[in-house]
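Listing of coords_37.pdb; format and content: PDB, C-alpha atoms.
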ATOM      1  CA  MET A   1      35.164 -13.622 -67.882
ATOM      2  CA  LYS A   2      33.551 -15.988 -70.408
ATOM      3  CA  LEU A   3      32.495 -14.294 -73.638
ATOM      4  CA  LEU A   4      31.654 -15.171 -77.232
ATOM      5  CA  VAL A   5      34.324 -14.566 -79.862
ATOM      6  CA  ALA A   6      34.461 -15.197 -83.602
ATOM      7  CA  THR A   7      36.141 -18.413 -84.676
ATOM      8  CA  SER A   8      36.924 -20.188 -87.915
ATOM      9  CA  ARG A   9      36.818 -23.572 -86.164
ATOM     10  CA  THR A  10      34.201 -25.801 -87.852
ATOM     11  CA  GLN A  11      33.636 -23.236 -90.625
ATOM     12  CA  GLY A  12      32.408 -25.118 -93.701
ATOM     13  CA  THR A  13      30.401 -27.682 -91.752
ATOM     14  CA  ARG A  14      27.330 -26.159 -93.384
ATOM     15  CA  GLU A  15      27.398 -25.170 -97.047
ATOM     16  CA  ASN A  16      26.180 -21.668 -96.200
ATOM     17  CA  ASP A  17      28.720 -20.919 -93.455
ATOM     18  CA  PHE A  18      30.487 -17.573 -93.590
ATOM     19  CA  SER A  19      32.912 -15.552 -91.531
ATOM     20  CA  PHE A  20      33.382 -11.827 -92.079
ATOM     21  CA  CYS A  21      34.752 -11.201 -88.581
ATOM     22  CA  VAL A  22      38.288 -11.096 -87.268
ATOM     23  CA  GLU A  23      39.375 -14.323 -85.533
ATOM     24  CA  GLY A  24      38.921 -13.819 -81.779
ATOM     25  CA  GLU A  25      36.801 -10.672 -82.172
ATOM     26  CA  LEU A  26      34.090 -10.112 -79.564
ATOM     27  CA  ILE A  27      30.674 -10.946 -81.017
ATOM     28  CA  TRP A  28      27.045 -10.547 -80.021
ATOM     29  CA  ILE A  29      23.709 -12.095 -80.933
ATOM     30  CA  ALA A  30      21.991  -9.454 -83.024
ATOM     31  CA  PRO A  31      18.248  -9.558 -83.673
ATOM     32  CA  CYS A  32      17.102 -10.851 -87.057
ATOM     33  CA  CYS A  33      16.131  -8.446 -89.779
ATOM     34  CA  GLU A  34      12.760  -8.719 -91.513
ATOM     35  CA  ALA A  35      14.277 -10.463 -94.542
ATOM     36  CA  GLY A  36      15.930 -13.091 -92.341
ATOM     37  CA  GLU A  37      12.911 -13.942 -90.205
ATOM     38  CA  GLY A  38      11.567 -16.483 -92.691
ATOM     39  CA  SER A  39      14.484 -18.911 -92.553
ATOM     40  CA  PRO A  40      17.867 -19.144 -90.866
ATOM     41  CA  ASP A  41      19.160 -20.137 -94.301
ATOM     42  CA  SER A  42      17.980 -16.905 -95.948
ATOM     43  CA  ASP A  43      20.428 -14.979 -98.116
ATOM     44  CA  CYS A  44      21.020 -12.297 -95.466
ATOM     45  CA  GLY A  45      22.169 -14.919 -92.943
ATOM     46  CA  CYS A  46      21.138 -13.006 -89.826
ATOM     47  CA  GLY A  47      19.149 -15.952 -88.438
ATOM     48  CA  ARG A  48      22.273 -18.118 -88.363
ATOM     49  CA  SER A  49      24.992 -15.625 -87.504
ATOM     50  CA  PHE A  50      26.661 -13.686 -84.729
ATOM     51  CA  GLY A  51      27.787 -10.073 -85.220
ATOM     52  CA  GLY A  52      31.309  -8.725 -84.745
ATOM     53  CA  LEU A  53      31.578  -5.810 -82.327
ATOM     54  CA  ASN A  54      34.484  -4.225 -84.192
ATOM     55  CA  SER A  55      34.200  -5.371 -87.809
ATOM     56  CA  HIS A  56      30.381  -5.295 -87.778
ATOM     57  CA  GLY A  57      30.620  -8.379 -89.986
ATOM     58  CA  GLY A  58      28.889 -11.683 -89.350
ATOM     59  CA  THR A  59      30.027 -15.219 -88.656
ATOM     60  CA  THR A  60      28.169 -18.498 -88.368
ATOM     61  CA  THR A  61      30.500 -19.854 -85.677
ATOM     62  CA  ALA A  62      31.133 -18.586 -82.159
ATOM     63  CA  LEU A  63      33.647 -19.770 -79.592
ATOM     64  CA  VAL A  64      33.090 -19.546 -75.856
ATOM     65  CA  ALA A  65      36.354 -18.061 -74.614
ATOM     66  CA  GLU A  66      37.803 -17.028 -71.263
ATOM     67  CA  LEU A  67      39.197 -13.492 -71.376
ATOM     68  CA  PRO A  68      41.194 -12.949 -68.179
ATOM     69  CA  GLY A  69      41.376  -9.356 -66.992
ATOM     70  CA  PHE A  70      38.449  -8.261 -69.139
ATOM     71  CA  THR A  71      35.888  -6.567 -66.894
ATOM     72  CA  TYR A  72      32.153  -6.036 -67.047
ATOM     73  CA  SER A  73      32.862  -2.334 -67.554
ATOM     74  CA  ASP A  74      35.181  -3.138 -70.490
ATOM     75  CA  TYR A  75      32.502  -5.355 -71.992
ATOM     76  CA  THR A  76      29.655  -2.873 -71.659
ATOM     77  CA  GLU A  77      31.809  -0.124 -73.162
ATOM     78  CA  ALA A  78      32.740  -2.357 -76.134
ATOM     79  CA  LEU A  79      29.062  -3.147 -76.645
ATOM     80  CA  ARG A  80      27.981   0.465 -76.195
ATOM     81  CA  SER A  81      30.483   1.676 -78.781
ATOM     82  CA  SER A  82      29.582  -1.058 -81.262
ATOM     83  CA  LEU A  83      25.829  -0.636 -80.862
ATOM     84  CA  ALA A  84      26.127   3.128 -81.412
ATOM     85  CA  ALA A  85      28.300   2.661 -84.506
ATOM     86  CA  GLN A  86      25.768   0.213 -85.976
ATOM     87  CA  GLY A  87      22.706   2.361 -85.300
ATOM     88  CA  TRP A  88      21.394   0.360 -82.332
ATOM     89  CA  PRO A  89      20.510   2.144 -79.080
ATOM     90  CA  PRO A  90      23.769   2.347 -77.089
ATOM     91  CA  ASP A  91      21.861   2.535 -73.805
ATOM     92  CA  ALA A  92      20.964  -1.157 -74.334
ATOM     93  CA  ALA A  93      24.622  -2.151 -73.748
ATOM     94  CA  GLU A  94      24.212  -3.181 -70.106
ATOM     95  CA  GLU A  95      21.128  -5.286 -70.810
ATOM     96  CA  VAL A  96      22.847  -6.944 -73.789
ATOM     97  CA  ALA A  97      26.019  -7.536 -71.750
ATOM     98  CA  THR A  98      24.093  -9.123 -68.886
ATOM     99  CA  GLY A  99      22.228 -11.416 -71.267
ATOM    100  CA  LEU A 100      25.346 -12.438 -73.200
ATOM    101  CA  LEU A 101      27.299 -13.128 -70.011
ATOM    102  CA  ALA A 102      24.505 -15.360 -68.693
ATOM    103  CA  PHE A 103      24.321 -17.117 -72.072
ATOM    104  CA  SER A 104      28.101 -17.629 -72.244
ATOM    105  CA  ASP A 105      28.240 -18.888 -68.664
ATOM    106  CA  TYR A 106      25.993 -21.815 -69.620
ATOM    107  CA  TRP A 107      28.628 -23.216 -72.040
ATOM    108  CA  GLU A 108      32.093 -24.609 -71.352
ATOM    109  CA  VAL A 109      35.145 -22.662 -72.507
ATOM    110  CA  GLY A 110      36.231 -23.997 -75.901
ATOM    111  CA  THR A 111      32.704 -24.814 -77.086
ATOM    112  CA  VAL A 112      31.991 -23.840 -80.694
ATOM    113  CA  LEU A 113      28.386 -22.784 -81.264
ATOM    114  CA  GLU A 114      26.100 -22.311 -84.212
ATOM    115  CA  ARG A 115      22.822 -20.448 -84.331
ATOM    116  CA  ARG A 116      19.466 -21.294 -85.878
ATOM    117  CA  PHE A 117      17.347 -18.265 -84.871
ATOM    118  CA  ASP A 118      16.933 -18.703 -81.089
ATOM    119  CA  LEU A 119      18.324 -22.245 -81.021
ATOM    120  CA  PHE A 120      22.038 -22.499 -80.225
ATOM    121  CA  VAL A 121      23.844 -25.818 -80.446
ATOM    122  CA  GLU A 122      27.380 -27.033 -80.044
ATOM    123  CA  ARG A 123      29.281 -27.851 -83.183
ATOM    124  CA  LEU A 124      31.486 -30.820 -82.628
ATOM    125  CA  VAL A 125      35.112 -30.290 -83.559
ATOM    126  CA  PRO A 126      36.456 -33.292 -85.465
ATOM    127  CA  ALA A 127      39.405 -35.102 -83.896
ATOM    128  CA  PRO A 128      42.731 -34.687 -85.693
ATOM    129  CA  PRO A 129      43.604 -37.606 -87.996
ATOM    130  CA  GLY A 130      45.892 -40.325 -86.809
TER
END

Rendering of file as C-alpha cells:
Amino acid sequence: MKLLVATSRTQGTRENDFSFCVEGELIWIAPCCEAGEGSPDSDCGCGRSFGGLNSHGGTTTALVAELPGFTYSDYTEALRSSLAAQGWPPDAAEEVATGLLAFSDYWEVGTVLERRFDLFVERLVPAPPG
C-alpha cells in the first residue's frame, strides 16, 4: 500500500521548512486554518504542511512510501484515531483514507513532495557529491 509519510529528505530547501513529525510517521493533508488561508508562507504553516497522525505535528516534506502488509482497515483506523484525538470528525476517516490513497497512487514510491495549498509538487533530491 502506497501512503504518505513524514521525511526529512530535502528539508531546508525552503527557508521556512519545518518538521515536527517523527521520521516515517503516517501523515495526512489537513485543511488550512483561517489564519493560513492567505498565504502558504503564513506563520502557521498549514498551507504548506502535512500533519502527523501520531505526533499531530506538521512537516513541509512528505515521502510516498510503500508499506507492505498495511491494510486499508489499518489505515482507516489510524486516521480515525488521529482525527478524533485532534478534534476532527472521526467518521470522516474512510473518505480521507480513500482520497489519500488515490493521491498517493498518482506518485512513484520514493517521491518527496511539498505543498502549496492545493498544489503538490515533487522536490528533487540532490545527487550525492562525487

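Within 9 Å of region 11-22 of chain A, once all atoms listed in the file are used and residues closer than 3 positions along the same chain are dropped, the contacting residues are A:Ala6, A:Thr7, A:Ser8, A:Glu25, A:Leu26, A:Ile27, A:Asp41, A:Gly45, A:Arg48, A:Ser49, A:Gly51, A:Gly52, A:Leu53, A:Asn54, A:Ser55, A:His56, A:Gly57, A:Gly58, A:Thr59, A:Thr60, A:Thr61, A:Arg123.
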
Surrounding residues of Leu63 (chain A) excluding itself and chain neighbours under 3 positions, 7 Å, only C-alpha atoms, as a PyMOL selection string: chain A and resi 4-7+110-113

File of the preceding selection, C-alpha atoms, as a PDB file, in the frame of the given file:
ATOM      1  CA  LEU A   4      31.654 -15.171 -77.232  1.00  0.00           C
ATOM      2  CA  VAL A   5      34.324 -14.566 -79.862  1.00  0.00           C
ATOM      3  CA  ALA A   6      34.461 -15.197 -83.602  1.00  0.00           C
ATOM      4  CA  THR A   7      36.141 -18.413 -84.676  1.00  0.00           C
ATOM      5  CA  GLY A 110      36.231 -23.997 -75.901  1.00  0.00           C
ATOM      6  CA  THR A 111      32.704 -24.814 -77.086  1.00  0.00           C
ATOM      7  CA  VAL A 112      31.991 -23.840 -80.694  1.00  0.00           C
ATOM      8  CA  LEU A 113      28.386 -22.784 -81.264  1.00  0.00           C
TER       9      LEU A 113
END

Using the chain letters and numbers from this file, what does the PyMOL selection byres ((chain A and resi 2) around 8) select? Give the answer as a PyMOL selection string. chain A and resi 1+3-4+64-67+101+104-105+109

I'd like the contact shell of Asp91 (chain A) - 12 Å cut-off, all atoms listed in the file, skipping same-chain residues fewer than 5 positions apart - returned as an NGL selection string. :A and (76-77 or 79-84 or 96-97)

To test your reading of the syntax: which residues would the PyMOL selection byres ((chain A and resi 118) around 10) return for the file shown? Reply as a ChimeraX atom specification. /A:29,31-32,40,47-48,115-117,119-121

Box for region 23-32 of chain A: with edges along x, y and z, all listed atoms inside and 8 Å added on each side, what are the centre and edge lengths in Å to one decimal, as AutoDock Vina command-line options?
--center_x 28.2 --center_y -11.9 --center_z -83.3 --size_x 38.3 --size_y 20.9 --size_z 23.5

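Computed from the coordinates, the CA of Phe103 (chain A) to CA of Asp43 (chain A) distance equals 26.4 Å.
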
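CA of Ala30 (chain A) sits 7.7 Å away from CA of Cys46 (chain A).
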
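Here CA of Ala78 (chain A) stands at a distance of 23.8 Å from CA of Arg9 (chain A).
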